[in-house]
$ cat entry.pdb   # PDB, C-alpha atoms
ATOM      1  CA  MET S   1      48.247  88.755 103.326
ATOM      2  CA  LYS S   2      49.968  85.397 103.065
ATOM      3  CA  GLU S   3      53.634  85.343 102.307
ATOM      4  CA  MET S   4      54.393  83.246  99.265
ATOM      5  CA  LYS S   5      57.459  81.109  99.600
ATOM      6  CA  LYS S   6      59.471  81.252  96.405
ATOM      7  CA  GLU S   7      61.399  78.086  95.677
ATOM      8  CA  LYS S   8      64.957  78.610  94.559
ATOM      9  CA  ASN S   9      66.036  76.708  91.530
ATOM     10  CA  LEU S  10      69.582  75.483  91.981
ATOM     11  CA  TRP S  11      71.909  75.273  89.014
ATOM     12  CA  GLU S  12      74.276  72.553  87.892
ATOM     13  CA  ALA S  13      76.859  72.181  85.156
ATOM     14  CA  VAL S  14      75.717  69.405  82.838
ATOM     15  CA  VAL S  15      78.693  68.101  80.884
ATOM     16  CA  PHE S  16      78.278  66.988  77.283
ATOM     17  CA  SER S  17      81.440  65.343  75.941
ATOM     18  CA  PHE S  18      82.051  64.043  72.436
ATOM     19  CA  SER S  19      85.165  62.029  71.594
ATOM     20  CA  GLU S  20      86.951  62.441  68.297
ATOM     21  CA  GLU S  21      86.305  58.755  67.541
ATOM     22  CA  GLN S  22      82.583  59.170  68.211
ATOM     23  CA  ILE S  23      82.432  62.163  65.866
ATOM     24  CA  LEU S  24      84.501  60.350  63.216
ATOM     25  CA  ARG S  25      82.052  57.407  63.298
ATOM     26  CA  GLU S  26      79.145  59.780  62.668
ATOM     27  CA  LEU S  27      81.037  61.616  59.934
ATOM     28  CA  THR S  28      81.970  58.367  58.201
ATOM     29  CA  ALA S  29      78.396  57.081  58.331
ATOM     30  CA  GLU S  30      76.908  60.307  56.978
ATOM     31  CA  SER S  31      79.505  60.844  54.259
ATOM     32  CA  ALA S  32      79.077  57.203  53.185
ATOM     33  CA  TYR S  33      75.315  57.734  53.011
ATOM     34  CA  VAL S  34      75.778  60.769  50.762
ATOM     35  CA  GLY S  35      78.262  58.822  48.637
ATOM     36  CA  LYS S  36      75.838  55.917  48.222
ATOM     37  CA  SER S  37      73.006  58.262  47.304
ATOM     38  CA  LEU S  38      75.139  59.706  44.487
ATOM     39  CA  VAL S  39      76.073  56.377  42.910
ATOM     40  CA  GLY S  40      74.324  56.149  39.575
ATOM     41  CA  THR S  41      73.785  59.894  39.140
ATOM     42  CA  THR S  42      75.381  61.787  36.302
ATOM     43  CA  ASP S  43      77.043  64.289  38.676
ATOM     44  CA  VAL S  44      79.372  61.712  40.204
ATOM     45  CA  LYS S  45      82.999  61.994  39.187
ATOM     46  CA  PRO S  46      84.941  58.771  38.594
ATOM     47  CA  GLY S  47      86.015  57.169  41.872
ATOM     48  CA  TRP S  48      83.796  59.345  44.051
ATOM     49  CA  SER S  49      81.582  56.505  45.193
ATOM     50  CA  GLN S  50      84.599  55.339  47.219
ATOM     51  CA  ALA S  51      86.541  58.582  47.808
ATOM     52  CA  ILE S  52      83.596  60.589  49.077
ATOM     53  CA  ILE S  53      83.594  58.651  52.351
ATOM     54  CA  MET S  54      85.356  60.544  55.122
ATOM     55  CA  SER S  55      88.194  58.355  56.321
ATOM     56  CA  GLU S  56      91.374  58.269  58.383
ATOM     57  CA  ASP S  57      93.114  60.114  55.519
ATOM     58  CA  ASP S  58      91.006  63.141  56.411
ATOM     59  CA  ARG S  59      92.129  63.129  60.063
ATOM     60  CA  PRO S  60      94.504  66.139  59.787
ATOM     61  CA  PHE S  61      91.611  68.194  58.423
ATOM     62  CA  LEU S  62      89.245  66.764  61.026
ATOM     63  CA  ASP S  63      91.454  67.991  63.870
ATOM     64  CA  ARG S  64      91.382  71.525  62.460
ATOM     65  CA  TRP S  65      87.652  71.500  61.801
ATOM     66  CA  LEU S  66      86.891  70.120  65.280
ATOM     67  CA  SER S  67      88.964  72.927  66.756
ATOM     68  CA  ASP S  68      87.092  75.460  64.620
ATOM     69  CA  VAL S  69      83.636  74.143  65.530
ATOM     70  CA  ARG S  70      84.592  73.919  69.211
ATOM     71  CA  ASP S  71      85.624  77.590  69.169
ATOM     72  CA  GLU S  72      82.591  78.728  67.186
ATOM     73  CA  MET S  73      80.088  76.819  69.318
ATOM     74  CA  THR S  74      81.765  77.891  72.568
ATOM     75  CA  HIS S  75      81.441  81.509  71.453
ATOM     76  CA  ALA S  76      77.810  81.037  70.353
ATOM     77  CA  LEU S  77      76.849  79.303  73.623
ATOM     78  CA  SER S  78      79.091  81.316  75.971
ATOM     79  CA  ALA S  79      76.147  82.800  77.881
ATOM     80  CA  TYR S  80      75.066  79.304  78.920
ATOM     81  CA  LEU S  81      78.407  77.609  79.605
ATOM     82  CA  SER S  82      80.327  76.969  82.781
ATOM     83  CA  GLY S  83      84.063  77.550  82.666
ATOM     84  CA  GLU S  84      84.705  74.548  84.920
ATOM     85  CA  PHE S  85      85.200  71.981  82.159
ATOM     86  CA  ALA S  86      87.336  72.348  79.069
ATOM     87  CA  SER S  87      87.728  70.503  75.810
ATOM     88  CA  THR S  88      90.855  68.453  75.236
ATOM     89  CA  GLU S  89      92.779  67.524  72.102
ATOM     90  CA  SER S  90      90.577  64.470  71.544
ATOM     91  CA  ASP S  91      87.266  65.509  73.176
ATOM     92  CA  VAL S  92      84.846  68.338  72.506
ATOM     93  CA  VAL S  93      83.277  69.273  75.848
ATOM     94  CA  PHE S  94      80.481  71.680  76.694
ATOM     95  CA  ALA S  95      79.433  72.246  80.321
ATOM     96  CA  VAL S  96      75.999  73.847  80.149
ATOM     97  CA  MET S  97      74.559  75.549  83.231
ATOM     98  CA  LEU S  98      71.031  74.225  83.692
ATOM     99  CA  PRO S  99      68.568  74.298  86.570
ATOM    100  CA  GLN S 100      68.521  71.131  88.622
ATOM    101  CA  ARG S 101      64.776  70.974  88.128
ATOM    102  CA  ARG S 102      64.082  70.758  84.424
ATOM    103  CA  ALA S 103      61.876  68.851  82.037
ATOM    104  CA  GLN S 104      62.777  65.229  81.444
ATOM    105  CA  GLY S 105      64.401  64.581  78.125
ATOM    106  CA  LEU S 106      65.983  68.024  77.722
ATOM    107  CA  ASP S 107      69.480  66.716  78.458
ATOM    108  CA  GLU S 108      69.133  64.057  75.761
ATOM    109  CA  SER S 109      67.782  66.605  73.299
ATOM    110  CA  ILE S 110      70.601  69.064  74.019
ATOM    111  CA  CYS S 111      73.200  66.290  73.719
ATOM    112  CA  HIS S 112      71.750  65.086  70.421
ATOM    113  CA  GLN S 113      71.591  68.594  68.919
ATOM    114  CA  LEU S 114      75.135  69.415  70.061
ATOM    115  CA  GLU S 115      76.417  66.294  68.337
ATOM    116  CA  ARG S 116      74.389  67.059  65.198
ATOM    117  CA  ALA S 117      75.784  70.609  65.132
ATOM    118  CA  ILE S 118      79.369  69.328  65.339
ATOM    119  CA  VAL S 119      78.804  66.742  62.602
ATOM    120  CA  HIS S 120      77.020  69.178  60.261
ATOM    121  CA  TYR S 121      79.716  71.827  60.721
ATOM    122  CA  VAL S 122      82.565  69.438  59.934
ATOM    123  CA  LEU S 123      80.714  67.981  56.942
ATOM    124  CA  SER S 124      79.973  71.474  55.625
ATOM    125  CA  ARG S 125      83.714  72.139  55.612
ATOM    126  CA  TRP S 126      84.577  68.730  54.199
ATOM    127  CA  PHE S 127      82.032  68.937  51.356
ATOM    128  CA  ALA S 128      83.083  72.505  50.424
ATOM    129  CA  THR S 129      85.444  71.333  47.668
ATOM    130  CA  LYS S 130      83.599  68.114  46.793
ATOM    131  CA  LEU S 131      79.920  69.075  46.650
ATOM    132  CA  PRO S 132      79.276  72.796  47.266
ATOM    133  CA  GLU S 133      75.489  72.278  47.345
ATOM    134  CA  GLU S 134      75.838  69.650  50.067
ATOM    135  CA  SER S 135      78.213  71.945  51.933
ATOM    136  CA  ALA S 136      75.645  74.762  51.905
ATOM    137  CA  ARG S 137      72.910  72.349  53.048
ATOM    138  CA  ARG S 138      75.086  71.118  55.912
ATOM    139  CA  GLN S 139      75.847  74.701  56.976
ATOM    140  CA  LEU S 140      72.098  75.377  57.232
ATOM    141  CA  GLN S 141      71.662  72.156  59.228
ATOM    142  CA  TYR S 142      74.496  73.240  61.539
ATOM    143  CA  GLN S 143      72.780  76.570  62.175
ATOM    144  CA  GLY S 144      69.471  74.791  62.777
ATOM    145  CA  ALA S 145      71.010  72.356  65.270
ATOM    146  CA  LEU S 146      72.744  75.202  67.115
ATOM    147  CA  SER S 147      69.433  77.110  67.271
ATOM    148  CA  ALA S 148      67.746  73.979  68.642
ATOM    149  CA  VAL S 149      70.415  73.733  71.375
ATOM    150  CA  LYS S 150      69.822  77.356  72.383
ATOM    151  CA  SER S 151      66.066  76.840  72.315
ATOM    152  CA  ASP S 152      66.313  73.755  74.567
ATOM    153  CA  ILE S 153      68.584  75.601  76.996
ATOM    154  CA  ARG S 154      66.205  78.571  77.148
ATOM    155  CA  LEU S 155      63.305  76.171  77.680
ATOM    156  CA  ALA S 156      65.131  74.567  80.617
ATOM    157  CA  ARG S 157      66.022  77.951  82.112
ATOM    158  CA  ASN S 158      62.700  79.733  81.657
ATOM    159  CA  ARG S 159      60.292  77.013  82.553
ATOM    160  CA  ARG S 160      57.268  78.794  83.925
ATOM    161  CA  PRO S 161      53.709  77.632  84.115
ATOM    162  CA  HIS S 162      51.589  79.218  81.424
ATOM    163  CA  ARG S 163      48.155  80.446  82.377
ATOM    164  CA  PRO S 164      45.396  79.620  79.940
ATOM    165  CA  THR S 165      44.134  82.578  78.012
ATOM    166  CA  ASN S 166      40.436  83.067  77.589
ATOM    167  CA  TYR S 167      39.585  85.273  74.627
ATOM    168  CA  PHE S 168      35.809  85.244  75.166
TER     169      PHE S 168
END
$ encode --input "entry.pdb" --output "structure tokens"
Amino acid sequence: MKEMKKEKNLWEAVVFSFSEEQILRELTAESAYVGKSLVGTTDVKPGWSQAIIMSEDDRPFLDRWLSDVRDEMTHALSAYLSGEFASTESDVVFAVMLPQRRAQGLDESICHQLERAIVHYVLSRWFATKLPEESARRQLQYQGALSAVKSDIRLARNRRPHRPTNYF
């Protein structure tokens, strides 16, 4: 009987870091888009076409919400994270333990979904008092993005060849 040599898959901490400024740019763009889409509708309150855009005035709230989402996502992803890297006051950092050998494009997908999760979470909190329906929609998008992150991580970790199944 031949001895099969099993290849070890080495692990590495892949660091995904998002600056507060980067997140604020995304938040501003998305809140402005929602504001523009509401212009001309009957539901818009006077002045909302301008005030609905997340701005520097919202920064004290942003700091709190970034802290909240950092804690929530760290808890949700704790099984996949390395403790080597930590978030700072101005950066949200996740160090995900992934195999060195993984499908191309997974890092980009994980990075994109992490950023989307952060943005959707903060916007869900920000819209809570302005547009409750939009807040609820953003909360669902946050949960979807977080699920996509977990799915991508599991895909990277459990990559096994699938044997074709013949049902005949």
$ resolve_selection --input "entry.pdb" --expression "the PyMOL selection byres ((chain S and resi 119) around 10)" --output "list in words"
Ile23, Leu24, Arg25, Glu26, Leu27, Thr28, Glu30, Leu66, Val69, Gln113, Leu114, Glu115, Arg116, Ala117, Ile118, His120, Tyr121, Val122, Leu123, Ser124, Arg138, Gln141, Tyr142 and Ala145 of chain S
$ axis_aligned_box --input "entry.pdb" --around "segment 67-82 of chain S" --padding-each-side "5 Å" --output "lines of an AutoDock Vina configuration file"
center_x = 82.0
center_y = 77.9
center_z = 73.7
size_x = 23.9
size_y = 19.9
size_z = 28.2
$ residues_around --input "entry.pdb" --residues "Phe94 of chain S" --least-positions-apart "5" --cutoff "10 Å" --atoms "all atoms listed in the file" --output "list in words"
Ala13, Val14, Val15, Phe16, Ser17, Phe18, Arg70, Met73, Thr74, Leu77, Ser78, Tyr80, Leu81, Ser82, Gly83, Glu84, Phe85, Ala86, Ser87, Cys111 and Leu114 of chain S
$ closest_residue --input "entry.pdb" --among "S:Ala32, S:Ile110, S:Ala136, S:Arg125" --to "Leu98 of chain S" --atoms "all atoms listed in the file"
S:Ile110
$ atom_distance --input "entry.pdb" --atom1 "atom CA of Glu20 of chain S" --atom2 "atom CA of Leu155 of chain S"
28.9 Å
$ closest_residue --input "entry.pdb" --among "S:Arg157, S:Ala148, S:Lys130, S:Asp68" --to "Val34 of chain S" --atoms "all atoms listed in the file"
S:Lys130
$ residues_around --input "entry.pdb" --residues "Ala103 of chain S" --least-positions-apart "2" --cutoff "9 Å" --atoms "only C-alpha atoms" --output "JSON, numbers by chain"
{"S": [101, 105, 106, 107, 155, 156, 159]}
$ write_last_selection --input "entry.pdb" --atoms "C-alpha atoms" --output "PDB file, keeping the file's coordinate frame"
ATOM      1  CA  ARG S 101      64.776  70.974  88.128  1.00  0.00           C
ATOM      2  CA  GLY S 105      64.401  64.581  78.125  1.00  0.00           C
ATOM      3  CA  LEU S 106      65.983  68.024  77.722  1.00  0.00           C
ATOM      4  CA  ASP S 107      69.480  66.716  78.458  1.00  0.00           C
ATOM      5  CA  LEU S 155      63.305  76.171  77.680  1.00  0.00           C
ATOM      6  CA  ALA S 156      65.131  74.567  80.617  1.00  0.00           C
ATOM      7  CA  ARG S 159      60.292  77.013  82.553  1.00  0.00           C
TER       8      ARG S 159
END
$ atom_distance --input "entry.pdb" --atom1 "atom CA of Ser90 of chain S" --atom2 "atom CA of Glu21 of chain S"
8.2 Å
$ closest_residue --input "entry.pdb" --among "S:Leu131, S:Leu140, S:Glu72, S:Ala79" --to "Met97 of chain S" --atoms "only C-alpha atoms"
S:Ala79
$ atom_distance --input "entry.pdb" --atom1 "atom CA of Trp126 of chain S" --atom2 "atom CA of Asp71 of chain S"
17.4 Å
$ residues_near_point --input "entry.pdb" --point "(71.2, 71.6, 87.4)" --cutoff "6 Å" --atoms "only C-alpha atoms" --output "VMD selection string"
chain S and resid 11 to 12 98 to 100
